[in-house]
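*Asks:* Just passing along the structure, written as structure tokens.
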Amino acid sequence: MRRLRALLSGVATAALATAGLAAFAAQQASGASADATALSNRWYAAAPYLMPHDNNPPDAGAIMDASGLKAFQLAFILAPNGGGCSPTWDGTSPVSSDTAVASVISAIRAKGGDVSVSIGGYGGTKLGQTCSDAAATAAAYQQVITKYQLKAIDFDLEEPEYENTAAIAREIGAAKILQQNNPGLYVSVTTAGTADGTGWFGKQMLNEAKAQGFTPNNFSIMPFDGGFNGAAAQTSALTNFNAILRSTFGWDEATAYAHEGFSGMNGRSDTGEYFTQADFQTVLDFATGHHMDRFTFWSLNRDRQCTPPDNNGKTSGTCSSVAQSDWDFAKYSVKFAGVTPPTTTPPTTPPPTGSCTAAAWSSSAVYTGGNTVSYGGHTWKAKWWTQNETPGSTGEWGVWQDLGPC
């Protein structure tokens, strides 16, 4: 999928883990744990990924209103970019001092929803790579659980970490510790998918889980970026992965499906595969028909139409590159959770420019620093040379500076 101080001694690790659990228990006892917004496991199993700091984050409340979605998988928790064993968002924002993501979570909970938090992702440095052992890794993650009073957590184990057997052993060991120390915590483990189900490193991860006696709520694969085109290739991979789970853990078919999950990519994948709404419906039917435990996708940041809709054959982190209405793909997660989504959707085209005096933005035009355009009722100024970058598509770090409403 997409995107990381000194190591704790054994004594410090144990103290931190104990302190984290004590704080967690105190919050539970004081009623500060937002029990009123805790959801069923089915909702956490349906939570799509949302990057709160990157890829032009959409408003979670608007998605909830438009689609009926209640759960979000916030991504990603990584080790600090400079090294160390403390949790950060995207390697740059320490969890300990965070207020931005906490505000997003509070807004979601105020509307009756909740979140899971995802660890890892593609690229970056993971805590399993930098912490000294499983206990230290678990203590770092316990800080996240305690701060945000989480009921669910996702271990997204992929490149480059899942090639590091010691790091994976620490991640699996940490997941087991968290599962034991936080009763009722929903734990998913997500890894790469292949036509065979999962590759050599994914199978080694499953063997590590077996060796440690760890069973999460599900093991999910991501059947995209590996020669998958359409739903048939994905359901075939899910069938093959079921066989891997059976052979690894000695489960029968039904038990394996009950511990199996799907994590897709909506629209155009990184490698140019395409997954449409029809493909999502086919995989959803497969998942529900086989009583699978999880159905999610990467990502809500991408669950809106590009301009032009095909994004000129490019993959974007902020739109899907397929024709769609906003939050079309979120509605499949809602269906998996067992709730009928709203029938109405917000408009997918920007509002008219009204009194804007600058020329309308064009996907084919070339702009240089200082050029102004109108788009979505706002005036935008180019910071540097650009072509076919939609104003606002990459947030404040993009090429376009929002000068405000016309």
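The way I read the labels, and the way they are meant: chains A, B, ... in the order of the structure tokens, residue 1 as the first residue of every chain, and ligand 1 as the first ligand shown, with later ones counted on from there.
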Excluding same-chain residues fewer than 6 positions from segment 192-197 of chain A, what lies within 10 Å of it counting only C-alpha atoms, as a VMD selection string?
*Replies:* chain A and resid 1 122 156 to 159 162 203 220 to 228 233 to 245 262 to 264
*Asks:* I'd like the contact shell of segment 378-395 of chain A - 9 Å cut-off, only C-alpha atoms, skipping same-chain residues fewer than 4 positions apart - returned as a ChimeraX atom specification.
*Replies:* /A:54-57,306-308,311-312,317-319,353,356-358,361-374,399-406
*Asks:* Would you output that residue set with N, CA, C and O atoms, as a compact mmCIF listing (two decimals), in the first residue's frame?
*Replies:*
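Saved as result-v2.txt:
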```txt
# COMPACT_ATOMS: atom_id res chain seq x y z
N ASP A 54 -2.09 13.25 5.33
CA ASP A 54 -1.52 13.28 3.98
C ASP A 54 -2.60 12.98 2.95
O ASP A 54 -3.71 12.57 3.29
N ASN A 55 -2.26 13.19 1.68
CA ASN A 55 -3.15 12.86 0.56
C ASN A 55 -4.50 13.58 0.66
O ASN A 55 -5.56 12.98 0.50
N ASN A 56 -4.43 14.90 0.93
CA ASN A 56 -5.63 15.74 0.94
C ASN A 56 -6.75 15.10 1.75
O ASN A 56 -7.79 14.71 1.21
N PRO A 57 -6.59 14.96 3.06
CA PRO A 57 -7.55 14.21 3.88
C PRO A 57 -8.97 14.73 3.73
O PRO A 57 -9.22 15.94 3.89
N CYS A 306 -11.35 11.74 -10.08
CA CYS A 306 -10.30 12.64 -10.55
C CYS A 306 -10.85 13.59 -11.61
O CYS A 306 -11.94 13.40 -12.14
N THR A 307 -10.09 14.60 -11.93
CA THR A 307 -10.40 15.50 -13.04
C THR A 307 -9.22 15.51 -14.00
O THR A 307 -8.16 16.02 -13.64
N PRO A 308 -9.32 14.92 -15.19
CA PRO A 308 -10.46 14.17 -15.71
C PRO A 308 -10.63 12.84 -14.96
O PRO A 308 -9.73 12.41 -14.24
N ASN A 311 -7.84 10.47 -14.85
CA ASN A 311 -6.57 11.05 -14.39
C ASN A 311 -5.45 10.83 -15.40
O ASN A 311 -4.28 10.67 -15.03
N ASN A 312 -5.82 10.80 -16.68
CA ASN A 312 -4.86 10.60 -17.77
C ASN A 312 -4.01 9.34 -17.57
O ASN A 312 -2.81 9.32 -17.86
N GLY A 317 -3.03 9.55 -5.12
CA GLY A 317 -3.31 9.29 -3.72
C GLY A 317 -4.56 10.00 -3.24
O GLY A 317 -5.01 9.79 -2.12
N THR A 318 -5.15 10.85 -4.11
CA THR A 318 -6.28 11.68 -3.69
C THR A 318 -7.55 11.45 -4.50
O THR A 318 -8.57 12.08 -4.24
N CYS A 319 -7.51 10.58 -5.49
CA CYS A 319 -8.70 10.25 -6.29
C CYS A 319 -8.47 8.89 -6.94
O CYS A 319 -7.36 8.37 -6.95
N THR A 353 -17.79 28.57 -10.59
CA THR A 353 -16.83 29.55 -10.11
C THR A 353 -17.45 30.88 -9.74
O THR A 353 -16.81 31.70 -9.09
N CYS A 356 -15.62 34.42 -9.96
CA CYS A 356 -14.17 34.30 -10.15
C CYS A 356 -13.74 35.04 -11.42
O CYS A 356 -14.38 34.91 -12.47
N THR A 357 -12.67 35.78 -11.31
CA THR A 357 -12.16 36.52 -12.48
C THR A 357 -11.01 35.79 -13.17
O THR A 357 -10.77 36.01 -14.36
N ALA A 358 -10.30 34.94 -12.45
CA ALA A 358 -9.21 34.18 -13.08
C ALA A 358 -9.80 33.13 -14.01
O ALA A 358 -10.91 32.63 -13.80
N TRP A 361 -9.34 26.59 -14.28
CA TRP A 361 -8.23 25.64 -14.37
C TRP A 361 -8.50 24.64 -15.48
O TRP A 361 -9.63 24.18 -15.67
N SER A 362 -7.46 24.27 -16.23
CA SER A 362 -7.56 23.29 -17.31
C SER A 362 -6.52 22.20 -17.09
O SER A 362 -5.35 22.50 -16.81
N SER A 363 -6.95 20.94 -17.23
CA SER A 363 -6.02 19.83 -17.02
C SER A 363 -4.93 19.77 -18.09
O SER A 363 -3.87 19.20 -17.87
N SER A 364 -5.18 20.38 -19.25
CA SER A 364 -4.21 20.30 -20.34
C SER A 364 -3.26 21.48 -20.38
O SER A 364 -2.23 21.44 -21.06
N ALA A 365 -3.59 22.55 -19.66
CA ALA A 365 -2.75 23.76 -19.70
C ALA A 365 -1.49 23.58 -18.87
O ALA A 365 -1.46 22.83 -17.89
N VAL A 366 -0.46 24.31 -19.26
CA VAL A 366 0.78 24.36 -18.50
C VAL A 366 0.81 25.67 -17.72
O VAL A 366 0.54 26.75 -18.28
N TYR A 367 1.09 25.57 -16.40
CA TYR A 367 1.14 26.76 -15.56
C TYR A 367 2.53 26.90 -14.95
O TYR A 367 3.20 25.90 -14.68
N THR A 368 2.95 28.13 -14.74
CA THR A 368 4.22 28.40 -14.08
C THR A 368 3.97 29.21 -12.82
O THR A 368 2.86 29.71 -12.59
N GLY A 369 4.99 29.33 -11.97
CA GLY A 369 4.85 30.01 -10.69
C GLY A 369 4.26 31.40 -10.84
O GLY A 369 4.73 32.19 -11.66
N GLY A 370 3.21 31.69 -10.07
CA GLY A 370 2.56 32.99 -10.11
C GLY A 370 1.28 33.01 -10.92
O GLY A 370 0.46 33.92 -10.75
N ASN A 371 1.07 32.02 -11.82
CA ASN A 371 -0.17 31.95 -12.58
C ASN A 371 -1.35 31.70 -11.64
O ASN A 371 -1.23 30.95 -10.66
N THR A 372 -2.49 32.32 -11.92
CA THR A 372 -3.70 32.10 -11.12
C THR A 372 -4.79 31.47 -11.97
O THR A 372 -4.87 31.72 -13.18
N VAL A 373 -5.61 30.66 -11.32
CA VAL A 373 -6.75 30.01 -11.98
C VAL A 373 -7.91 30.02 -11.00
O VAL A 373 -7.75 30.28 -9.80
N SER A 374 -9.10 29.73 -11.51
CA SER A 374 -10.26 29.54 -10.64
C SER A 374 -10.67 28.07 -10.71
O SER A 374 -10.63 27.45 -11.77
N VAL A 399 1.21 21.99 -5.38
CA VAL A 399 1.69 23.09 -6.21
C VAL A 399 0.80 24.31 -6.11
O VAL A 399 1.24 25.44 -6.30
N TRP A 400 -0.48 24.14 -5.78
CA TRP A 400 -1.43 25.24 -5.80
C TRP A 400 -1.63 25.84 -4.42
O TRP A 400 -1.90 25.13 -3.46
N GLN A 401 -1.57 27.15 -4.34
CA GLN A 401 -1.87 27.89 -3.10
C GLN A 401 -3.30 28.42 -3.19
O GLN A 401 -3.66 29.14 -4.14
N ASP A 402 -4.12 28.07 -2.21
CA ASP A 402 -5.51 28.52 -2.19
C ASP A 402 -5.57 29.98 -1.71
O ASP A 402 -5.24 30.28 -0.57
N LEU A 403 -6.01 30.87 -2.60
CA LEU A 403 -6.11 32.29 -2.26
C LEU A 403 -7.48 32.64 -1.67
O LEU A 403 -7.74 33.81 -1.37
N GLY A 404 -8.34 31.62 -1.53
CA GLY A 404 -9.63 31.86 -0.91
C GLY A 404 -10.77 31.93 -1.91
O GLY A 404 -10.56 31.89 -3.13
N PRO A 405 -12.00 32.03 -1.39
CA PRO A 405 -13.18 32.10 -2.29
C PRO A 405 -13.10 33.31 -3.19
O PRO A 405 -12.55 34.36 -2.83
N CYS A 406 -13.69 33.17 -4.37
CA CYS A 406 -13.70 34.30 -5.32
C CYS A 406 -14.59 35.40 -4.79
O CYS A 406 -15.59 35.13 -4.10
```
*Asks:* With only C-alpha atoms as the counted atoms, please give the residues lying no more than 7 Å from Ser269 of chain A, apart from itself and same-chain residues fewer than 2 positions off, as number ranges by chain.
*Replies:* A: 224-225, 265, 267, 271-274, 315
*Asks:* Go through segment 157-269 of chain A and flag each residue having an atom no more than 9 Å from segment 139-144 of chain A; for those, report the closest pair of atoms plus their distance in Å to one decimal, using only C-alpha atoms, ordered by chain and rising number, as a tab-separated table.
*Replies:*
```
residue	atom	partner	partner_atom	distance
A:Ala174	CA	A:Tyr141	CA	8.0
A:Ala175	CA	A:Tyr141	CA	8.9
A:Leu178	CA	A:Gln142	CA	7.1
```
*Asks:* Of the residues A:Ala60, A:Thr191, A:Gln281, A:Ala211, which is the one nearest to Ala231 of chain A, using only C-alpha atoms?
*Replies:* A:Gln281
*Asks:* Got a sec: who's within 7 Å of segment 126-133 of chain A, counting only C-alpha atoms, leaving out chain neighbours fewer than 2 positions off, as a PyMOL selection string?
*Replies:* chain A and resi 4+7-8+78-79+83-85+120+124+135-137+161+167-168+170-171
*Asks:* At a cut-off of 9 Å, using only C-alpha atoms, what residues contact Phe214 of chain A? Leave out same-chain residues fewer than 5 positions from it and give the result as a PyMOL selection string.
*Replies:* chain A and resi 172-173+175-176+208-209
